[in-house]
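All remarks here apply to the structure that follows.
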Amino acid sequence: METQAFTIYNTLTRKKEVFEPINPPHVGMYVCGPTVYGDAHLGHARPAITFDILFRYLQHLGYKVRYVRNITDVGHLVNDADHGDDKIAKKALLEQLEPMEIVQMYTNRYHRDMDMLNVQRPNIEPHASGHIIEQMELVQKILDSGFAYEKNGSVYFNVKAYAEKFPYGELSGRNYEELLENTRTLAGQEEKQNSADFALWKKAAPEHIMRWPSKWSDGFPGWHMECSAMGKKYLGERFDIHGGGMDLIFPHHESEIAQSKAANNGQEPVKYWMHNNMITINGQKMGKSLGNFITLEDMFAGNSELLEKAYSPINIRFFMLQAHYRSPLDFSNEALQAADKGLKKLLNAAETLQTLQANAAESDADIEAWKTNCYNAINDDLNTPILIAQLFDAVKIINSVSEGKMQLKEDDLKLLQSTFNAFVFDVLGLEKEISDNKSDHLIQGLMELVLDMRMNARKNKDWPASDAIRNKLKELNITVKDGKEGSNWEIS
RNA sequence: GGUCACGUGGCCGAGUGGUUAGGCAGAGGUCUGCAAAACCUUGUACGGCGGUUCGAAUCCGUUCGUGACCUCCA
């Protein structure tokens with residue numbers, strides 16, 4: 001059986017394509033990061049985990065990856081309040097803090113949450129505010145090429161002029177005429193020649209705190225500028241992969257393409273565009289503006305009316321990986337709890353696998369074929385649900401060998417171990433959680449003592465005593481699990 | 001209104017023109033002093049209606065339903 005080539009779905013071509021880096025063995029990948037004006041919620045975990053899998057798998061394949069994920073800390077305009085406020089600045093005024101203090105605080109908290117989800121940090125995490133010069137240069141380049149115009153200190157992208165020369169809407173499948181008919185009329189757009197035009201540089205209102213001097217005005221760059229400027233700076237005029245949530249396809253990524261092509265003679269900036277689908281709750285997108293989001297901090301702590309219990313970071317990670325990244329995933333307590341049980345089963349098998357002994361000259365299972373199945377699964381546009389199904393097949397083999405119902409020869413056992421570990425830990429990034437309580441020395445010692453006492457009672461067939469201990473522990477949410485080699489315990 | 005997705009068994013969720021997805025729950029069993037845990041086995045399915053085909057849940061048409069984007073959003 002042949003292993004299939006690694007393919008990924010390219011939003012630009014609407015097809016799965018074989019992945020071929022522009023400059024192997026190097027791979028440049030850029031993913032839109034968070035706007036740091038609030039805590040990360042479950043929705044933010046999806047792209048972080050999706051592209052973490054991609055990052056990990058590319059490394060597993062031996063590529064030298066430069067992964068860039070930005071921090072947006074300027075330039076988002078809000079329309080839910082007085083128009084023209086910068087989100088960051090608005091929150092700063094509200095809480096009487098320096099804007100950069102807000103940025104730092106939420107950046108720290110974002111890192112904390114992502115670390116808990118076992119999401120590897122990118123190689124470069126550039127801040128938009130640290131790349132104002134680069135963004136201004138890009139604005140100037142677009143002006144020079146004739147695809148932008150200045151009005152009252154602001155600079156706008158001329159979509160009409162661009163659409164005459166290049167296909168506008170190639171990523172989102174929109175066309176220019178249609179956009180003109182359907183773009184909603186928003187306040188503060190009188191300066192634009194056309195409703196479809198978007199800001200490259202925005203003159204700051206007097207009350208606007210975050211501002212930079214430029215030849216056009218004291219102001220700030222338009223939202224789409226940062227990704228174009230920073231992607232170009234760190235990955236080049238043309239790089240391999242650009243990722244983000246589906247909701248960013250239009251207008252953000254479409255505008256990015258337009259900006260980059262306008263500044264660079266029509267050169268496509270990105271070879272593969274990848275987009276993860278949304279997390280929904282009761283079938284509706286989880287989002288800031290809808291107010292139906294659950295922050296990751298609350299998920300981990302069980303701190304929400306929507307939650308029946310706390311869900312561990314790895315539980316959440318596994319839950320997401322059981323769905324394909326391009327499918328919507330609906331949040332529910334049942335699904336999270338089901339995932340938790342499955343995850344435990346998988347990780348227990350991983351533990352068992354380490355102790356397994358090769359015990360035969362011939363194997364009862366075709367480990368080579370199984371390995372090929374694993375690679376074919378992930379090579380098919382990161383199909384983690386299929387990969388996980390394959391891993392559960394391995395769980396069956398592992399448990400059967402462990403129980404003496406199946407046999408493996410030395411080579412196959414080694415292959416099973418290395419492949420299983422590589423996928424579970426390196427690629428999927430799952431890890432056994434060490435409960436803080438459980439690692440506490442005092443509790444550890446006390447539990448040992450208690451279980452020893454119970455063990456003695458059991459040896460003497462003193463069932464009332466042994467059951468009393470078990471019941472008392474159960475009241476404390478500690479479950480005792482009796483095995484052949486003694487008893488184990490777990491806090492539930 | 002425009003553009004684009006999706007509709008799978010009790011739940012979550014893959015996939016596919018003919019061959020077991022997987023997980024959870026349920027059922028049966030093994031183990032155990034009992035229980036729990038663990039492990040093994042296992043049933044139920046592809047929104048409705050037409051069409052193409054030897055054969056469709058899978059392709060086409062149509063209809064109903066849901067969602068996303070068109071505005072900041074992961």
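Letters A, B, ... mark the chains of the structure tokens in the order given; residue numbers begin at 1 per chain; ligand numbers begin at 1, in order shown.
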Taking a cut-off of 6 Å and counting only C-alpha atoms (C1' of nucleotides), can you build a table that, for each residue of chain A near chain B, reports the nearest atom pair and how far apart they are in Å (one decimal), sorted by chain then residue number, as a tab-separated table?
```
residue	atom	partner	partner_atom	distance
A:Gly43	CA	B:A74	C1'	5.6
A:His44	CA	B:A74	C1'	4.7
A:Pro47	CA	B:A74	C1'	5.9
A:Val78	CA	B:C72	C1'	5.6
A:Gly245	CA	B:A74	C1'	4.7
A:Ala335	CA	B:C12	C1'	5.1
A:Ala338	CA	B:C24	C1'	4.3
A:Gly342	CA	B:G23	C1'	5.8
A:Ala389	CA	B:G22	C1'	4.3
A:Lys481	CA	B:A37	C1'	5.2
```
Exercise for review: May I have all residues of range 101-342 of chain A that DSSP, computed from the backbone, assigns to helix (DSSP H, G or I), given as a PyMOL selection string?
Suggested key: chain A and resi 101-116+128-144+159-165+176-182+225-235+246-263+296-301+313-321+333-342
Practice item. Write out as a ChimeraX atom specification each polymer residue whose atoms come within 12 Å of Asp467 in chain A, counting only C-alpha atoms (C1' of nucleotides); drop sequence neighbours fewer than 2 positions from it. Key: /A:451,453-455,457-458,461-465,469-474,480,482 /B:33-36
Expected file contents, prior selection, C-alpha atoms (C1' of nucleotides), as an mmCIF file, in the first residue's frame:
```cif
data_model
loop_
_atom_site.group_PDB
_atom_site.id
_atom_site.type_symbol
_atom_site.label_atom_id
_atom_site.label_comp_id
_atom_site.auth_asym_id
_atom_site.auth_seq_id
_atom_site.Cartn_x
_atom_site.Cartn_y
_atom_site.Cartn_z
ATOM 1 C CA LEU A 451 -4.730 2.624 50.156
ATOM 2 C CA MET A 453 -4.574 0.282 54.976
ATOM 3 C CA ARG A 454 -7.368 -0.712 52.669
ATOM 4 C CA MET A 455 -5.140 -3.251 50.974
ATOM 5 C CA ALA A 457 -8.135 -4.978 55.148
ATOM 6 C CA ARG A 458 -8.744 -6.676 51.827
ATOM 7 C CA LYS A 461 -11.077 -10.185 53.865
ATOM 8 C CA ASP A 462 -12.317 -7.405 56.080
ATOM 9 C CA TRP A 463 -14.768 -6.209 53.452
ATOM 10 C CA PRO A 464 -16.703 -3.787 55.671
ATOM 11 C CA ALA A 465 -13.499 -1.868 56.468
ATOM 12 C CA ILE A 469 -12.628 3.469 53.064
ATOM 13 C CA ARG A 470 -13.705 3.298 49.454
ATOM 14 C CA ASN A 471 -17.057 4.924 50.183
ATOM 15 C CA LYS A 472 -15.514 7.690 52.232
ATOM 16 C CA LEU A 473 -13.050 8.483 49.461
ATOM 17 C CA LYS A 474 -15.894 8.472 46.962
ATOM 18 C CA VAL A 480 -10.498 3.964 43.799
ATOM 19 C CA ASP A 482 -8.634 -1.894 41.951
ATOM 20 C "C1'" G B 33 -15.059 -10.555 47.513
ATOM 21 C "C1'" C B 34 -18.613 -6.882 45.763
ATOM 22 C "C1'" A B 35 -18.653 -2.369 43.187
ATOM 23 C "C1'" A B 36 -16.002 0.834 40.238
#
```
Check your understanding: So which residues touch G65 in chain B within 12 Å, counting only C-alpha atoms (C1' of nucleotides), skipping near sequence neighbours fewer than 5 positions away, as a list in words?
Key ->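 Those residues are C6, G7, G47 and G48 of chain B.
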Could you take the residues named above and write them with N, CA and C atoms (P, O5', C5', C4', C3', O3' and C1' of nucleotides), as a PDB file, in the first residue's frame?
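Saved file part_11.pdb follows:
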```pdb
ATOM      1  P     C B   6     -20.723  21.135   1.410  1.00  0.00           P
ATOM      2  O5'   C B   6     -21.617  20.665   2.644  1.00  0.00           O
ATOM      3  C5'   C B   6     -21.054  20.653   3.944  1.00  0.00           C
ATOM      4  C4'   C B   6     -22.142  20.850   4.977  1.00  0.00           C
ATOM      5  C3'   C B   6     -23.258  19.819   4.958  1.00  0.00           C
ATOM      6  O3'   C B   6     -22.869  18.636   5.614  1.00  0.00           O
ATOM      7  C1'   C B   6     -24.172  21.983   5.219  1.00  0.00           C
ATOM      8  P     G B   7     -23.663  17.269   5.282  1.00  0.00           P
ATOM      9  O5'   G B   7     -25.069  17.415   6.030  1.00  0.00           O
ATOM     10  C5'   G B   7     -25.184  17.280   7.462  1.00  0.00           C
ATOM     11  C4'   G B   7     -26.642  17.460   7.799  1.00  0.00           C
ATOM     12  C3'   G B   7     -27.515  16.269   7.387  1.00  0.00           C
ATOM     13  O3'   G B   7     -28.135  15.594   8.481  1.00  0.00           O
ATOM     14  C1'   G B   7     -28.375  18.343   6.561  1.00  0.00           C
ATOM     15  P     G B  47     -29.469  12.688   4.359  1.00  0.00           P
ATOM     16  O5'   G B  47     -31.022  12.875   4.657  1.00  0.00           O
ATOM     17  C5'   G B  47     -31.510  12.767   5.980  1.00  0.00           C
ATOM     18  C4'   G B  47     -32.836  13.452   6.058  1.00  0.00           C
ATOM     19  C3'   G B  47     -33.750  13.205   4.875  1.00  0.00           C
ATOM     20  O3'   G B  47     -34.427  11.979   4.976  1.00  0.00           O
ATOM     21  C1'   G B  47     -33.712  15.507   5.376  1.00  0.00           C
ATOM     22  P     G B  48     -34.852  11.255   3.588  1.00  0.00           P
ATOM     23  O5'   G B  48     -35.994  12.200   3.029  1.00  0.00           O
ATOM     24  C5'   G B  48     -37.255  12.276   3.701  1.00  0.00           C
ATOM     25  C4'   G B  48     -38.234  13.047   2.855  1.00  0.00           C
ATOM     26  C3'   G B  48     -38.351  12.568   1.413  1.00  0.00           C
ATOM     27  O3'   G B  48     -39.213  11.456   1.286  1.00  0.00           O
ATOM     28  C1'   G B  48     -38.126  14.919   1.431  1.00  0.00           C
TER      29        G B  48
END
```
Check your understanding: So which residues touch Met286 in chain A within 12 Å, counting only C-alpha atoms (C1' of nucleotides), skipping near sequence neighbours fewer than 2 positions away, as a count of residues only?
Key -> 31
